[in-house]
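First comes the structure, then the notes that go with it.
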Amino acid sequence: MWRLRRAAVACEVCQSLVKHSSGIKGSLPLQKLHLVSRSIYHSHHPTLKLQRPQLRTSFQQFSSLTNLPLRKLKFSPIKYGYQPRRNFWPARLATRLLKLRYLILGSAVGGGYTAKKTFDQWKDMIPDLSEYKWIVPDIVWEIDEYIDFEKIRKALPSSEDLVKLAPDFDKIVESLSLLKDFFTSGSPEETAFRATDRGSESDKHFRKVSDKEKIDQLQEELLHTQLKYQRILERLEKENKELRKLVLQKDDKGIHHRKLKKSLIDMYSEVLDVLSDYDASYNTQDHLPRVVVVGDQSAGKTSVLEMIAQARIFPRGSGEMMTRSPVKVTLSEGPHHVALFKDSSREFDLTKEEDLAALRHEIELRMRKNVKEGCTVSPETISLNVKGPGLQRMVLVDLPGVINTVTSGMAPDTKETIFSISKAYMQNPNAIILCIQDGSVDAERSIVTDLVSQMDPHGRRTIFVLTKVDLAEKNVASPSRGKACRGINGSDMEKGRSEIQQIIEGKLFPMKALGYFAVVTGKGNSSESIEAIREYEEEFFQNSKLLKTSMLKAHQVTTRNLSLAVSDCFWKMVRESVEQQADSFKATRFNLETEWKNNYPRLRELDRNELFEKAKNEILDEVISLSQVTPKHWEEILQQSLWERVSTHVIENIYLPAAQTMNSGTFNTTVDIKLKQWTDKQLPNKAVEVAWETLQEEFSRFMTEPKGKEHDDIFDKLKEAVKEESIKRHKWNDFAEDSLRVIQHNALEDRSISDKQQWDAAIYFMEEALQARLKDTENAIENMVGPDWKKRWLYWKNRTQEQCVHNETKNELEKMLKCNEEHPAYLASDEITTVRKNLESRGVEVDPSLIKDTWHQVYRRHFLKTALNHCNLCRRGFYYYQRHFVDSELECNDVVLFWRIQRMLAITANTLRQQLTNTEVRRLEKNVKEVLEDFAEDGEKKIKLLTGKRVQLAEDLKKVREIQEKLDAFIEALHQEK
């Protein structure tokens with residue numbers, strides 16, 4: 001209906017214009033009229049043939065003039081011959097005012113909404129400063145008690161209400177453009193409502209080009225805005241870092257006079273360190289979260305870690321495998337940028353190049369120490385803590401790079417070992433896998449992505465990182481290069497960009513991930529600083545087409561954003577899984593305690609270290625007992641041991657040859673010569689050996705002597721190992737042998753027996769020695785000739801054919817001795833022939849060597865029996881000795897010889913005893929202490945020497961208790977932080 005009314009009004013206006021135009025006597029060119037005037041006179045002008053276009057619905061719908069009330073048009077009288085110019089300045093003024101109104105209203109509403117959205121984004125990006133609430137005065141936190149912020153917030157309009165107040169800007173733009181065309185002059189060939197004609201092809205092309213340019217311009221503005229916000233965020237983070245550094249330094253100096261609690265990440269790292277040493281013998285596995293960094297060799301794992309840690313802390317090499325064992329890096333915040341190992345108190349200042357070089361060297365030494373002989377990599381973990389202002393709190397484990405082939409210099413099983421180490425860490429269902437992929441090489445050459453896909457097929461705990469993106473973009477930009485140089489399989493720029501985007505989105509590899517990041521790890525120069533690399537990375541992404549073409553988002557680039565994302569994911573995983581792990585260890589502790597009570601109810605729960613300390617105290621007490629041995633006991637043992645060692649030489653090489661002489665002068669001369677030779681060459685060395693063996697025997701006796709009910713056989717292997725190692729390390733003093741030689745020589749030169757008691761003692765010593773030799777000789781003869789007639793009849797034993805021959809030879813030789821009791825020690829050749837013929841006459845075939853062997857034993861027994869009879873005669877010969885055997889047929893020079901030997905043994909034993917008690921026992925005690933200290937530091941040695949179910953059960957029980965206590969403390973601190 002309203003359309004019909006508008007049409008009627010238009011017709012009425014046209015009719016009135018026709019009536020007035022009949023009186024016009026002149027004509028005015030239509031081109032010089034205003035657009036509105038031309039449109040009004042269009043139906044009666046003789047040169048205008050165009051039909052008036054119908055008004056479009058869009059014009060009527062979106063025009064702000066449609067709602068204005070219709071008024072009757074009043075036209076001024078026109079004189080004949082002159083057509084005045086019609087100025088519709090009220091309409092133009094209204095148009096400008098309406099345009100200004102909508103611009104102000106739209107700017108206010110849109111600006112307010114944009115400001116609120118920007119404020120919400122900034123609010124989300126501001127770091128959490130809840131740990132430093134104590135810096136702000138308490139009145140600030142209590143201000144909400146005095147001001148009702150909730151009431152003020154409710155009074156303010158919401159963003160939805162602001163949006164409702166805003167008009168439809170598309171309609172406004174279309175209406176304003178129509179009005180602009182309506183009031184703009186043009187040529188006569190143009191249509192009056194050109195602004196509403198949307199069917200022209202040229203207009204469509206113009207708008208298409210214009211829209212594309214606008215989209216590019218908006219994308220450019222959006223990128224600059226993102227970079228601007230990124231720079232603002234970096235500036236805020238830098239200021240926050242400096243502020244936190246100042247605060248921590250003030251706390252470090254004790255200005256606030258309060259003790260800082262151990263940080264959460266340090267508590268969590270201690271739990272992981274204990275778990276790494278725990279042997280999961282009771283199906284309790286380590287499922288606590290870590291960030292496991294995996295990647296191909298030389299993919300940039302170490303560089304990414306160094307960028308996150310903000311220091312060059314790892315050893316580097318050109319193409320050589322540098323990471324030979326896992327390195328657990330605990331990042332935490334602190335006032336100073338330092339690094340320290342778990343088992344060391346030395347701090348490395350990461351702001352000094354010499355400390356950085358020392359740290360890299362120490363890490364390399366520890367890696368090589370962990371690698372066993374014949375291997376290339378080791379599963380043993382190196383624990384390193386890195387503290388510094390602004391560092392994100394998390395625990396990362398850098399694993400050896402995955403290799404495809406084993407090169408020269410590597411162990412044959414290196415590839416399998418690296419795979420097993422990586423799988424062991426990634427099998428943890430709560431481990432976050434940081435998959436590092438080199439973006440500058442062909443995608444088909446990647447090995448680690450297949451491994452990660454096997455461990456985490458759904459990508460629920462994997463973060464994919466593409467490194468060396470700068471090289472990848474350069475290679476893609478050079479289509480003339482070969483495939484190996486193009487980087488990411490790109491034949492041209494567009495295809496390369498598409499594949500880069502596929503990598504970032506996780507479509508190029510058969511794996512899924514939580515997030516995808518692209519980083520730049522420097523220009524390939526190992527001497528670049530972290531700050532220089534960061535500046536280069538930011539500069540590259542500012543100019544990179546990956547951001548301009550929206551292949552990457554601003555939050556997916558730079559190691560700074562990567563560090564924030566990994567830290568957030570890490571703590572989320574920790575909060576979700578730590579309580580479940582604590583409950584698991586509680587159940588394990590209960591099982592272990594129950595098993596101990598049932599198997600060892602009366603024993604204390606001593607772990608391996610406590611048992612070692614107990615054994616150490618016992619061993620030291622036993623070593624101290626050596627110093628409490630009496631001098632008399634030492635001398636008796638030494639004298640007896642020394643005589644057992646030298647008795648054979650004295651009798652066989654000194655006494656028997658000298659006793660074969662015919663007079664005393666020759667006897668004494670022979671004895672003196674042989675004693676001098678013996679003293680110069682053999683005797684001192686034999687004496688030292690005897691003393692050292694005696695000390696060993698006494699030490700072993702104290703070490704192995706049972707202690708009754710208190711004896712614990714679990715220490716036997718340890719004591720034996722300590723004894724052997726101490727004896728091996730002990731060396732006798734070299735000067736003892738020289739001084740002992742002089743003492744022994746002087747003792748053997750003395751022949752003056754002072755009293756009858758010494759004489760009788762010498763005779764007793766001689767009789768014991770000769771009787772022992774006689775007994776040995778009779779045993780030898782018995783073995784030679786076989787059992788006598790008593791044993792044959794009583795024990796049913798028989799002689800062998802050889803023993804019968806020896807027995808016949810012995811009987812023949814005994815007959816010869818009975819005929820000549822003073823026969824010399826050697827048989828003449830004619831005597832051997834005589835004995836042989838006599839035996840052959842009785843049908844016994846003998847060899848001359850058999851006769852000589854038998855004669856040696858027969859004559860030896862005869863000589864010893866004669867010497868023993870001579871000892872009995874010399875018992876009363878001390879009187880003749882004092883008179884030098886003058887006017888006496890009795891000569892007892894052999895008694896004097898044994899007295900000299902006996903006295904030498906006593907003096908030597910006394911000298912060795914003094915050396916033992918004054919020097920050697922103390923040196924041995926020192927060696928034992930050193931051995932115990934070495935064993936205390938050698939964990940493998942303690943595990944080898946202190947073994948058994950009891951030890952293992954106590955070890956597991958202690959570690960589970962320690963883990964549970966640390967986990968409970970960590971969970972409590974975690975709840976307090978919330």
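Ligands are numbered from 1 in the order shown, residues from 1 within each chain, and chains are lettered A, B, ... in the order they appear in the structure tokens.
Neighbouring residues of region 749-757 of chain A at 10 Å or closer, counting only C-alpha atoms and skipping chain neighbours under 2 positions away, are Asp672, Leu675, Lys676, Gln744, His745, Asn746, Ala747, Trp759, Asp760, Ala761, Ala762, Ile763, Arg875, Arg876, Gly877, Phe878, Tyr879, Tyr881, Gln882, Asn893, Val896, Leu897, Trp899, Arg900, Arg903 and Met904 of chain A.
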Store the residues picked out above, limited to N, CA, C and O atoms, as an mmCIF file, in the first residue's frame.
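Contents of the output file part_4.cif:
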data_model
loop_
_atom_site.group_PDB
_atom_site.id
_atom_site.type_symbol
_atom_site.label_atom_id
_atom_site.label_comp_id
_atom_site.auth_asym_id
_atom_site.auth_seq_id
_atom_site.Cartn_x
_atom_site.Cartn_y
_atom_site.Cartn_z
ATOM 1 N N ASP A 672 130.119 -71.061 57.964
ATOM 2 C CA ASP A 672 130.239 -69.602 57.854
ATOM 3 C C ASP A 672 130.060 -69.121 56.415
ATOM 4 O O ASP A 672 129.415 -68.094 56.161
ATOM 5 N N LEU A 675 126.325 -69.567 55.442
ATOM 6 C CA LEU A 675 125.453 -68.602 56.142
ATOM 7 C C LEU A 675 125.598 -67.194 55.559
ATOM 8 O O LEU A 675 124.624 -66.455 55.435
ATOM 9 N N LYS A 676 126.855 -66.832 55.212
ATOM 10 C CA LYS A 676 127.069 -65.507 54.631
ATOM 11 C C LYS A 676 126.356 -65.382 53.283
ATOM 12 O O LYS A 676 125.701 -64.362 52.995
ATOM 13 N N GLN A 744 120.541 -59.578 60.782
ATOM 14 C CA GLN A 744 120.689 -61.034 60.672
ATOM 15 C C GLN A 744 122.153 -61.451 60.523
ATOM 16 O O GLN A 744 122.583 -62.476 61.098
ATOM 17 N N HIS A 745 122.918 -60.700 59.769
ATOM 18 C CA HIS A 745 124.338 -61.031 59.612
ATOM 19 C C HIS A 745 125.074 -60.946 60.952
ATOM 20 O O HIS A 745 125.887 -61.831 61.288
ATOM 21 N N ASN A 746 124.817 -59.925 61.722
ATOM 22 C CA ASN A 746 125.457 -59.799 63.037
ATOM 23 C C ASN A 746 125.024 -60.910 63.979
ATOM 24 O O ASN A 746 125.840 -61.414 64.791
ATOM 25 N N ALA A 747 123.756 -61.303 63.890
ATOM 26 C CA ALA A 747 123.269 -62.368 64.774
ATOM 27 C C ALA A 747 123.911 -63.706 64.443
ATOM 28 O O ALA A 747 124.248 -64.502 65.339
ATOM 29 N N TRP A 759 122.263 -73.308 76.034
ATOM 30 C CA TRP A 759 122.800 -74.539 75.443
ATOM 31 C C TRP A 759 121.720 -75.586 75.347
ATOM 32 O O TRP A 759 121.553 -76.239 74.307
ATOM 33 N N ASP A 760 120.993 -75.810 76.419
ATOM 34 C CA ASP A 760 119.917 -76.811 76.404
ATOM 35 C C ASP A 760 118.821 -76.429 75.410
ATOM 36 O O ASP A 760 118.249 -77.304 74.748
ATOM 37 N N ALA A 761 118.539 -75.157 75.323
ATOM 38 C CA ALA A 761 117.517 -74.720 74.361
ATOM 39 C C ALA A 761 117.962 -74.985 72.929
ATOM 40 O O ALA A 761 117.166 -75.383 72.077
ATOM 41 N N ALA A 762 119.255 -74.800 72.659
ATOM 42 C CA ALA A 762 119.758 -75.074 71.318
ATOM 43 C C ALA A 762 119.674 -76.548 71.007
ATOM 44 O O ALA A 762 119.331 -76.949 69.873
ATOM 45 N N ILE A 763 120.035 -77.403 72.035
ATOM 46 C CA ILE A 763 119.942 -78.853 71.814
ATOM 47 C C ILE A 763 118.485 -79.260 71.571
ATOM 48 O O ILE A 763 118.186 -80.092 70.696
ATOM 49 N N ARG A 875 124.366 -83.094 75.516
ATOM 50 C CA ARG A 875 123.597 -82.454 76.574
ATOM 51 C C ARG A 875 124.498 -82.038 77.732
ATOM 52 O O ARG A 875 124.244 -81.046 78.408
ATOM 53 N N ARG A 876 125.534 -82.838 77.990
ATOM 54 C CA ARG A 876 126.457 -82.495 79.065
ATOM 55 C C ARG A 876 127.760 -81.906 78.531
ATOM 56 O O ARG A 876 128.790 -81.927 79.177
ATOM 57 N N GLY A 877 127.701 -81.378 77.319
ATOM 58 C CA GLY A 877 128.905 -80.866 76.697
ATOM 59 C C GLY A 877 129.093 -79.365 76.844
ATOM 60 O O GLY A 877 130.008 -78.804 76.243
ATOM 61 N N PHE A 878 128.241 -78.687 77.630
ATOM 62 C CA PHE A 878 128.402 -77.242 77.790
ATOM 63 C C PHE A 878 129.710 -76.914 78.473
ATOM 64 O O PHE A 878 130.349 -75.902 78.179
ATOM 65 N N TYR A 879 130.144 -77.790 79.423
ATOM 66 C CA TYR A 879 131.418 -77.571 80.133
ATOM 67 C C TYR A 879 132.573 -77.630 79.145
ATOM 68 O O TYR A 879 133.476 -76.795 79.171
ATOM 69 N N TYR A 881 132.358 -77.085 75.978
ATOM 70 C CA TYR A 881 132.214 -75.938 75.073
ATOM 71 C C TYR A 881 132.903 -74.706 75.657
ATOM 72 O O TYR A 881 133.559 -73.956 74.926
ATOM 73 N N GLN A 882 132.722 -74.497 76.968
ATOM 74 C CA GLN A 882 133.362 -73.343 77.581
ATOM 75 C C GLN A 882 134.892 -73.447 77.529
ATOM 76 O O GLN A 882 135.584 -72.418 77.501
ATOM 77 N N ASN A 893 129.909 -78.848 67.517
ATOM 78 C CA ASN A 893 129.806 -77.676 66.647
ATOM 79 C C ASN A 893 128.416 -77.549 66.008
ATOM 80 O O ASN A 893 127.958 -76.441 65.696
ATOM 81 N N VAL A 896 126.184 -75.583 68.276
ATOM 82 C CA VAL A 896 126.458 -74.143 68.152
ATOM 83 C C VAL A 896 125.795 -73.577 66.894
ATOM 84 O O VAL A 896 125.259 -72.457 66.896
ATOM 85 N N LEU A 897 125.799 -74.363 65.815
ATOM 86 C CA LEU A 897 125.153 -73.904 64.582
ATOM 87 C C LEU A 897 123.659 -73.681 64.807
ATOM 88 O O LEU A 897 123.109 -72.627 64.416
ATOM 89 N N TRP A 899 122.220 -73.118 67.580
ATOM 90 C CA TRP A 899 122.006 -71.971 68.491
ATOM 91 C C TRP A 899 122.080 -70.661 67.713
ATOM 92 O O TRP A 899 121.303 -69.753 67.943
ATOM 93 N N ARG A 900 122.999 -70.567 66.808
ATOM 94 C CA ARG A 900 123.105 -69.354 65.974
ATOM 95 C C ARG A 900 121.843 -69.150 65.124
ATOM 96 O O ARG A 900 121.340 -68.022 64.992
ATOM 97 N N ARG A 903 118.991 -68.063 67.508
ATOM 98 C CA ARG A 903 119.121 -66.676 67.923
ATOM 99 C C ARG A 903 118.788 -65.723 66.769
ATOM 100 O O ARG A 903 118.167 -64.682 66.961
ATOM 101 N N MET A 904 119.226 -66.079 65.556
ATOM 102 C CA MET A 904 118.891 -65.245 64.396
ATOM 103 C C MET A 904 117.376 -65.182 64.206
ATOM 104 O O MET A 904 116.822 -64.110 63.902
#
Item checked: Distance query Phe464 (chain A) at most 8 Å, only C-alpha atoms, self and fewer than 6 positions along chain excluded, as a PyMOL selection string -> chain A and resi 434-437+504+506+513-517
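Residues in contact range of region 867-871 of chain A, defined as at most 10 Å between only C-alpha atoms, with sequence neighbours fewer than 6 positions away removed, read Ala659, Ala762, Ile763, Tyr764, Met766, Glu767, Glu768, Ala769, Leu770, Gln771, Leu774, Arg861, Gly877, Leu890, Glu891, Cys892, Asp894 and Val895 of chain A.
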Checklist line | All strand (DSSP E) positions in region 429-478 of chain A, as a ChimeraX atom specification | finding: /A:432-438,462-467
Next item on the list: Select from region 710-798 of chain A everything DSSP, run on the backbone, classes as alpha helix (DSSP H), then give the selection as a ChimeraX atom specification.
Entry: /A:716-729,735-749,756-785,789-794
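Rounded to one decimal, CA of Ile851 (chain A) and CA of Gln801 (chain A) lie 15.5 Å from each other.
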Name all residues at most 12 Å from Asn685 (chain A) (count only C-alpha atoms; drop same-chain ones fewer than 3 positions away) and give them as a PDB file with N, CA and C atoms, in the first residue's frame.
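Generated output (result-v9.pdb):
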ATOM      1  N   LEU A 642     108.855 -68.260  60.147  1.00  0.00           N
ATOM      2  CA  LEU A 642     110.141 -68.092  59.469  1.00  0.00           C
ATOM      3  C   LEU A 642     110.940 -69.390  59.456  1.00  0.00           C
ATOM      4  N   ARG A 645     109.715 -71.743  56.915  1.00  0.00           N
ATOM      5  CA  ARG A 645     110.094 -71.331  55.577  1.00  0.00           C
ATOM      6  C   ARG A 645     111.552 -71.639  55.255  1.00  0.00           C
ATOM      7  N   VAL A 646     112.469 -71.548  56.254  1.00  0.00           N
ATOM      8  CA  VAL A 646     113.906 -71.672  55.974  1.00  0.00           C
ATOM      9  C   VAL A 646     114.502 -72.975  56.486  1.00  0.00           C
ATOM     10  N   TRP A 678     123.781 -67.055  52.279  1.00  0.00           N
ATOM     11  CA  TRP A 678     122.319 -67.105  52.528  1.00  0.00           C
ATOM     12  C   TRP A 678     121.801 -65.759  53.029  1.00  0.00           C
ATOM     13  N   THR A 679     122.581 -65.131  53.919  1.00  0.00           N
ATOM     14  CA  THR A 679     122.157 -63.844  54.484  1.00  0.00           C
ATOM     15  C   THR A 679     122.171 -62.743  53.443  1.00  0.00           C
ATOM     16  N   ASP A 680     123.133 -62.781  52.558  1.00  0.00           N
ATOM     17  CA  ASP A 680     123.229 -61.710  51.571  1.00  0.00           C
ATOM     18  C   ASP A 680     122.151 -61.791  50.502  1.00  0.00           C
ATOM     19  N   LYS A 681     121.661 -62.957  50.163  1.00  0.00           N
ATOM     20  CA  LYS A 681     120.781 -63.113  49.006  1.00  0.00           C
ATOM     21  C   LYS A 681     119.335 -63.447  49.370  1.00  0.00           C
ATOM     22  N   GLN A 682     119.092 -64.399  50.229  1.00  0.00           N
ATOM     23  CA  GLN A 682     117.750 -64.955  50.389  1.00  0.00           C
ATOM     24  C   GLN A 682     117.088 -64.634  51.730  1.00  0.00           C
ATOM     25  N   VAL A 688     110.921 -60.896  55.176  1.00  0.00           N
ATOM     26  CA  VAL A 688     109.873 -59.906  54.893  1.00  0.00           C
ATOM     27  C   VAL A 688     108.619 -60.591  54.362  1.00  0.00           C
ATOM     28  N   GLU A 689     108.782 -61.562  53.478  1.00  0.00           N
ATOM     29  CA  GLU A 689     107.623 -62.298  52.975  1.00  0.00           C
ATOM     30  C   GLU A 689     106.868 -62.980  54.102  1.00  0.00           C
ATOM     31  N   VAL A 690     107.618 -63.567  55.024  1.00  0.00           N
ATOM     32  CA  VAL A 690     106.977 -64.231  56.162  1.00  0.00           C
ATOM     33  C   VAL A 690     106.206 -63.227  57.010  1.00  0.00           C
ATOM     34  N   ALA A 691     106.805 -62.072  57.248  1.00  0.00           N
ATOM     35  CA  ALA A 691     106.121 -61.066  58.057  1.00  0.00           C
ATOM     36  C   ALA A 691     104.838 -60.586  57.369  1.00  0.00           C
ATOM     37  N   TRP A 692     104.888 -60.344  56.051  1.00  0.00           N
ATOM     38  CA  TRP A 692     103.717 -59.878  55.326  1.00  0.00           C
ATOM     39  C   TRP A 692     102.617 -60.940  55.301  1.00  0.00           C
ATOM     40  N   TRP A 732     105.093 -53.519  51.365  1.00  0.00           N
ATOM     41  CA  TRP A 732     106.004 -53.451  52.504  1.00  0.00           C
ATOM     42  C   TRP A 732     107.078 -52.397  52.246  1.00  0.00           C
ATOM     43  N   ASN A 733     107.529 -51.825  53.326  1.00  0.00           N
ATOM     44  CA  ASN A 733     108.559 -50.793  53.221  1.00  0.00           C
ATOM     45  C   ASN A 733     109.856 -51.389  52.669  1.00  0.00           C
ATOM     46  N   ASP A 734     110.396 -50.793  51.608  1.00  0.00           N
ATOM     47  CA  ASP A 734     111.598 -51.334  50.972  1.00  0.00           C
ATOM     48  C   ASP A 734     112.837 -51.216  51.850  1.00  0.00           C
ATOM     49  N   PHE A 735     112.882 -50.243  52.724  1.00  0.00           N
ATOM     50  CA  PHE A 735     114.065 -50.062  53.563  1.00  0.00           C
ATOM     51  C   PHE A 735     114.167 -51.130  54.650  1.00  0.00           C
ATOM     52  N   ALA A 736     113.076 -51.852  54.922  1.00  0.00           N
ATOM     53  CA  ALA A 736     113.101 -52.858  55.984  1.00  0.00           C
ATOM     54  C   ALA A 736     114.052 -53.995  55.639  1.00  0.00           C
ATOM     55  N   GLU A 737     114.108 -54.379  54.381  1.00  0.00           N
ATOM     56  CA  GLU A 737     114.944 -55.501  53.975  1.00  0.00           C
ATOM     57  C   GLU A 737     116.437 -55.198  54.173  1.00  0.00           C
ATOM     58  N   ASP A 738     116.871 -53.991  53.873  1.00  0.00           N
ATOM     59  CA  ASP A 738     118.284 -53.635  54.039  1.00  0.00           C
ATOM     60  C   ASP A 738     118.697 -53.619  55.503  1.00  0.00           C
ATOM     61  N   SER A 739     117.871 -53.023  56.329  1.00  0.00           N
ATOM     62  CA  SER A 739     118.214 -52.989  57.763  1.00  0.00           C
ATOM     63  C   SER A 739     118.167 -54.383  58.368  1.00  0.00           C
ATOM     64  N   LEU A 740     117.243 -55.205  57.884  1.00  0.00           N
ATOM     65  CA  LEU A 740     117.143 -56.563  58.410  1.00  0.00           C
ATOM     66  C   LEU A 740     118.349 -57.404  58.017  1.00  0.00           C
ATOM     67  N   ARG A 741     118.923 -57.201  56.886  1.00  0.00           N
ATOM     68  CA  ARG A 741     120.103 -57.948  56.444  1.00  0.00           C
ATOM     69  C   ARG A 741     121.265 -57.721  57.423  1.00  0.00           C
ATOM     70  N   GLN A 744     120.541 -59.578  60.782  1.00  0.00           N
ATOM     71  CA  GLN A 744     120.689 -61.034  60.672  1.00  0.00           C
ATOM     72  C   GLN A 744     122.153 -61.451  60.523  1.00  0.00           C
ATOM     73  N   THR A 908     115.292 -61.724  64.392  1.00  0.00           N
ATOM     74  CA  THR A 908     114.517 -61.350  63.203  1.00  0.00           C
ATOM     75  C   THR A 908     113.039 -61.199  63.530  1.00  0.00           C
ATOM     76  N   LEU A 912     110.904 -57.780  63.074  1.00  0.00           N
ATOM     77  CA  LEU A 912     109.706 -57.745  62.242  1.00  0.00           C
ATOM     78  C   LEU A 912     108.473 -57.361  63.060  1.00  0.00           C
TER      79      LEU A 912
END
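Closest to Ser841 (chain A) among A:Val371, A:Gly786, A:Thr330, A:Glu812 is A:Glu812, based on only C-alpha atoms.
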With region 711-730 of chain A as the partner and 9 Å as the cut-off, tabulate the residues of region 620-701 of chain A that qualify, each row holding the nearest pair of atoms and their distance in Å to one decimal, using only C-alpha atoms, sorted by chain and rising number, as CSV.
residue,atom,partner,partner_atom,distance
A:Gln696,CA,A:Ile727,CA,7.2
A:Phe699,CA,A:Lys723,CA,7.9
A:Ser700,CA,A:Lys723,CA,7.1
Convert the current residue selection to file output with N, CA and C atoms, as a tab-separated table (two decimals), in the first residue's frame.
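Written output follows (again_27.tsv):
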chain	number	residue	atom	x	y	z
A	696	GLN	N	98.83	-60.79	56.97
A	696	GLN	CA	97.62	-61.15	56.23
A	696	GLN	C	96.81	-62.21	56.96
A	699	PHE	N	95.12	-60.67	59.94
A	699	PHE	CA	94.03	-59.81	59.49
A	699	PHE	C	92.85	-60.66	59.02
A	700	SER	N	93.11	-61.71	58.26
A	700	SER	CA	92.04	-62.59	57.79
A	700	SER	C	91.36	-63.29	58.95
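For Ile943 (chain A), the list of residues within 12 Å, based on only C-alpha atoms and with local chain neighbours fewer than 6 positions off taken out, reads Asp607, Arg608, Asn609, Leu611, Phe612, Lys717, Leu718, Phe935, Ala936, Glu937, Lys949, Val951, Gln952 and Glu955 of chain A.
Shortest separation to Lys632 (chain A) among A:Val557, A:Ile971, A:Ala906, A:Val294 occurs at residue A:Ala906, atoms counted being only C-alpha atoms.
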Next item on the list: For Leu817 (chain A), please output as a list of chain:residue names all residues within 12 Å (counting only C-alpha atoms; exclusion window: fewer than 5 positions along the same chain).
Entry: A:Lys810, A:Asn811, A:Glu812, A:Glu822, A:His823, A:Pro824, A:Ala825, A:Tyr826, A:Leu827, A:Glu831, A:Trp855, A:Val858, A:Tyr859, A:Arg860, A:Arg861, A:His862, A:Phe863
Next item on the list: Record the distance separating CA of Trp596 (chain A) and CA of Leu946 (chain A), expressed in Å with one decimal.
Entry: 17.7 Å
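With only C-alpha atoms as the atoms that count, the minimum distance from Val566 (chain A) to the choices A:Lys228, A:Arg393, A:Lys474, A:His633 is reached by A:Arg393.
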